Amino acid sequence: MNERNSPDKHRPDTQRNILHLIRQWQDATQAFDEAVGNKLGLITAEHRCLKALLDGPKTAGALAQASGLTPAAATSMIDRLEKRGFVERQRDGADRRKVLVAMTRPASDTLDKFYEPIATEGSAMLAKFAPADLSIIEDFLQSALALQQAHVERTMSEPLA
C-alpha cells in the first residue's frame, strides 16, 4: 500500500478540513470575482463572459453557455459590453460568415490589473512544491473541477422537488 492510500487515524479529520478549505476557497474566489465585477460595473453574466474570453475569441453561442444565458440574452449582453468598450465583434479568419467576440485590449489590460497579481503570487506559491506534489495537486484539481461541473449540470437539469 503506498503512502498516498495508507490508512491513517487522522484521515477523516484531514478530509473534513480539506472540504472546509475548499468551501472557503470557493467563497473567496466568488467574493473576489464579485469585487472585480463591482469595480467594473459588471453583472455576473458579463463578468463570466469576459473571463471566458481570456483565452481568446469565442462565438456568441459559446459565450451564452459560459455565462449561463440564452442565446438571445447573450446577444444583448454582448451588445452592452461592446457599447461599453469591453468586447468587439470580429469576422473569423477561417470562415468569414462566422462572427467571433473578442475582448478589447483596454478591457484585457484592466482585468490583468486585478488577476495578474493572483497569477504571479500563485506561481510563486506553486514553486515551493516538488514536482511529485504538483502532480498530486493537478490531479486533485482536475478531479475537483470535473466533480463540480457534473454537479452544476445535475443541478441545472433536475426539477426542484
# chains A, B, ... in the order shown; residues from 1 in each chain; ligands from 1
>>> residues_around(residues="segment 77-81 of chain A", least_positions_apart="4", cutoff="9 Å", atoms="only C-alpha atoms", output="list in words")
Ala45, Glu46, Cys49, Ala60, Leu63, Ala72, Ala73, Gly85, Phe86, Val87, Glu88, Arg89 and Val101 of chain A
>>> write_last_selection(atoms="C-alpha atoms", output="mmCIF file, in the first residue's frame")
data_model
loop_
_atom_site.group_PDB
_atom_site.id
_atom_site.type_symbol
_atom_site.label_atom_id
_atom_site.label_comp_id
_atom_site.auth_asym_id
_atom_site.auth_seq_id
_atom_site.Cartn_x
_atom_site.Cartn_y
_atom_site.Cartn_z
ATOM 1 C CA ALA A 45 -23.038 37.043 -16.542
ATOM 2 C CA GLU A 46 -20.963 39.855 -18.066
ATOM 3 C CA CYS A 49 -18.359 36.316 -20.417
ATOM 4 C CA ALA A 60 -21.890 34.150 -29.139
ATOM 5 C CA LEU A 63 -20.446 32.910 -24.500
ATOM 6 C CA ALA A 72 -30.889 35.962 -27.218
ATOM 7 C CA ALA A 73 -29.891 37.232 -23.767
ATOM 8 C CA GLY A 85 -15.764 49.015 -24.910
ATOM 9 C CA PHE A 86 -15.189 45.636 -23.262
ATOM 10 C CA VAL A 87 -15.629 43.466 -26.368
ATOM 11 C CA GLU A 88 -15.630 43.703 -30.148
ATOM 12 C CA ARG A 89 -17.073 41.528 -32.855
ATOM 13 C CA VAL A 101 -16.468 38.057 -29.946
#
>>> select_by_dssp(residues="segment 2-161 of chain A", states="helix (DSSP H, G or I)", output="ChimeraX atom specification")
/A:3-5,11-40,44-55,60-67,71-83,105-126,131-157
>>> closest_residue(among="A:Lys58, A:His47, A:Lys83, A:Arg16", to="Ala102 of chain A", atoms="only C-alpha atoms")
A:Lys58
>>> atom_distance(atom1="atom CA of Met103 of chain A", atom2="atom CA of Gly56 of chain A")
7.8 Å
>>> residues_around(residues="Pro71 of chain A", least_positions_apart="4", cutoff="7 Å", atoms="only C-alpha atoms", output="list in words")
Gly61, Ala64 and Thr75 of chain A
>>> write_last_selection(atoms="N, CA and C atoms", output="PDB file, in the first residue's frame")
ATOM      1  N   GLY A  61     -22.619  31.830 -29.134  1.00  0.00           N
ATOM      2  CA  GLY A  61     -23.161  30.614 -28.525  1.00  0.00           C
ATOM      3  C   GLY A  61     -22.296  30.106 -27.386  1.00  0.00           C
ATOM      4  N   ALA A  64     -22.815  32.386 -24.516  1.00  0.00           N
ATOM      5  CA  ALA A  64     -24.103  32.126 -23.870  1.00  0.00           C
ATOM      6  C   ALA A  64     -23.946  30.982 -22.877  1.00  0.00           C
ATOM      7  N   THR A  75     -26.726  37.696 -26.695  1.00  0.00           N
ATOM      8  CA  THR A  75     -26.544  38.718 -27.734  1.00  0.00           C
ATOM      9  C   THR A  75     -26.745  40.112 -27.151  1.00  0.00           C
TER      10      THR A  75
END
>>> decode(residues="segment 77-147 of chain A", atoms="C-alpha atoms", output="PDB file, in the first residue's frame")
ATOM      1  CA  MET A  77     -25.153  41.167 -23.155  1.00  0.00           C
ATOM      2  CA  ILE A  78     -22.563  41.262 -25.951  1.00  0.00           C
ATOM      3  CA  ASP A  79     -24.199  44.422 -27.322  1.00  0.00           C
ATOM      4  CA  ARG A  80     -23.949  46.067 -23.868  1.00  0.00           C
ATOM      5  CA  LEU A  81     -20.326  45.005 -23.424  1.00  0.00           C
ATOM      6  CA  GLU A  82     -19.447  46.198 -26.925  1.00  0.00           C
ATOM      7  CA  LYS A  83     -21.077  49.580 -26.300  1.00  0.00           C
ATOM      8  CA  ARG A  84     -19.004  49.934 -23.109  1.00  0.00           C
ATOM      9  CA  GLY A  85     -15.764  49.015 -24.910  1.00  0.00           C
ATOM     10  CA  PHE A  86     -15.189  45.636 -23.262  1.00  0.00           C
ATOM     11  CA  VAL A  87     -15.629  43.466 -26.368  1.00  0.00           C
ATOM     12  CA  GLU A  88     -15.630  43.703 -30.148  1.00  0.00           C
ATOM     13  CA  ARG A  89     -17.073  41.528 -32.855  1.00  0.00           C
ATOM     14  CA  GLN A  90     -14.646  40.094 -35.402  1.00  0.00           C
ATOM     15  CA  ARG A  91     -15.001  38.011 -38.544  1.00  0.00           C
ATOM     16  CA  ASP A  92     -13.492  34.550 -38.245  1.00  0.00           C
ATOM     17  CA  GLY A  93     -10.401  34.338 -40.453  1.00  0.00           C
ATOM     18  CA  ALA A  94     -11.210  30.763 -41.474  1.00  0.00           C
ATOM     19  CA  ASP A  95     -14.932  31.280 -42.106  1.00  0.00           C
ATOM     20  CA  ARG A  96     -15.931  34.844 -42.976  1.00  0.00           C
ATOM     21  CA  ARG A  97     -19.592  34.020 -42.274  1.00  0.00           C
ATOM     22  CA  LYS A  98     -18.780  33.319 -38.630  1.00  0.00           C
ATOM     23  CA  VAL A  99     -18.587  36.175 -36.126  1.00  0.00           C
ATOM     24  CA  LEU A 100     -16.444  35.890 -33.044  1.00  0.00           C
ATOM     25  CA  VAL A 101     -16.468  38.057 -29.946  1.00  0.00           C
ATOM     26  CA  ALA A 102     -13.093  39.170 -28.569  1.00  0.00           C
ATOM     27  CA  MET A 103     -12.114  41.141 -25.535  1.00  0.00           C
ATOM     28  CA  THR A 104     -10.675  44.557 -26.350  1.00  0.00           C
ATOM     29  CA  ARG A 105      -7.105  45.354 -25.367  1.00  0.00           C
ATOM     30  CA  PRO A 106      -8.167  48.004 -22.806  1.00  0.00           C
ATOM     31  CA  ALA A 107     -10.566  45.518 -21.174  1.00  0.00           C
ATOM     32  CA  SER A 108      -7.854  42.849 -21.093  1.00  0.00           C
ATOM     33  CA  ASP A 109      -5.398  45.308 -19.539  1.00  0.00           C
ATOM     34  CA  THR A 110      -7.986  46.281 -16.929  1.00  0.00           C
ATOM     35  CA  LEU A 111      -8.708  42.668 -15.979  1.00  0.00           C
ATOM     36  CA  ASP A 112      -4.973  41.966 -15.828  1.00  0.00           C
ATOM     37  CA  LYS A 113      -4.645  44.637 -13.119  1.00  0.00           C
ATOM     38  CA  PHE A 114      -6.877  42.503 -10.913  1.00  0.00           C
ATOM     39  CA  TYR A 115      -5.980  38.950 -11.912  1.00  0.00           C
ATOM     40  CA  GLU A 116      -2.263  39.181 -12.720  1.00  0.00           C
ATOM     41  CA  PRO A 117      -1.200  39.599  -9.064  1.00  0.00           C
ATOM     42  CA  ILE A 118      -3.026  36.381  -8.173  1.00  0.00           C
ATOM     43  CA  ALA A 119      -1.352  34.560 -11.073  1.00  0.00           C
ATOM     44  CA  THR A 120       2.086  35.874 -10.091  1.00  0.00           C
ATOM     45  CA  GLU A 121       1.670  35.071  -6.402  1.00  0.00           C
ATOM     46  CA  GLY A 122       0.097  31.712  -7.260  1.00  0.00           C
ATOM     47  CA  SER A 123       3.106  30.811  -9.403  1.00  0.00           C
ATOM     48  CA  ALA A 124       5.432  31.731  -6.552  1.00  0.00           C
ATOM     49  CA  MET A 125       3.345  29.637  -4.168  1.00  0.00           C
ATOM     50  CA  LEU A 126       3.404  26.619  -6.521  1.00  0.00           C
ATOM     51  CA  ALA A 127       7.186  26.943  -6.969  1.00  0.00           C
ATOM     52  CA  LYS A 128       7.544  25.816  -3.348  1.00  0.00           C
ATOM     53  CA  PHE A 129       6.163  22.355  -4.177  1.00  0.00           C
ATOM     54  CA  ALA A 130       8.121  19.395  -5.509  1.00  0.00           C
ATOM     55  CA  PRO A 131       7.185  18.071  -8.974  1.00  0.00           C
ATOM     56  CA  ALA A 132       5.538  14.984  -7.427  1.00  0.00           C
ATOM     57  CA  ASP A 133       3.429  17.225  -5.192  1.00  0.00           C
ATOM     58  CA  LEU A 134       2.439  19.354  -8.180  1.00  0.00           C
ATOM     59  CA  SER A 135       1.238  16.210  -9.965  1.00  0.00           C
ATOM     60  CA  ILE A 136      -0.959  15.353  -6.971  1.00  0.00           C
ATOM     61  CA  ILE A 137      -2.298  18.917  -6.828  1.00  0.00           C
ATOM     62  CA  GLU A 138      -3.005  18.892 -10.575  1.00  0.00           C
ATOM     63  CA  ASP A 139      -4.780  15.532 -10.312  1.00  0.00           C
ATOM     64  CA  PHE A 140      -6.854  16.768  -7.384  1.00  0.00           C
ATOM     65  CA  LEU A 141      -7.837  19.992  -9.177  1.00  0.00           C
ATOM     66  CA  GLN A 142      -8.802  18.152 -12.373  1.00  0.00           C
ATOM     67  CA  SER A 143     -10.937  15.741 -10.345  1.00  0.00           C
ATOM     68  CA  ALA A 144     -12.482  18.550  -8.280  1.00  0.00           C
ATOM     69  CA  LEU A 145     -13.287  20.539 -11.419  1.00  0.00           C
ATOM     70  CA  ALA A 146     -14.938  17.541 -13.092  1.00  0.00           C
ATOM     71  CA  LEU A 147     -16.936  16.859  -9.921  1.00  0.00           C
TER      72      LEU A 147
END
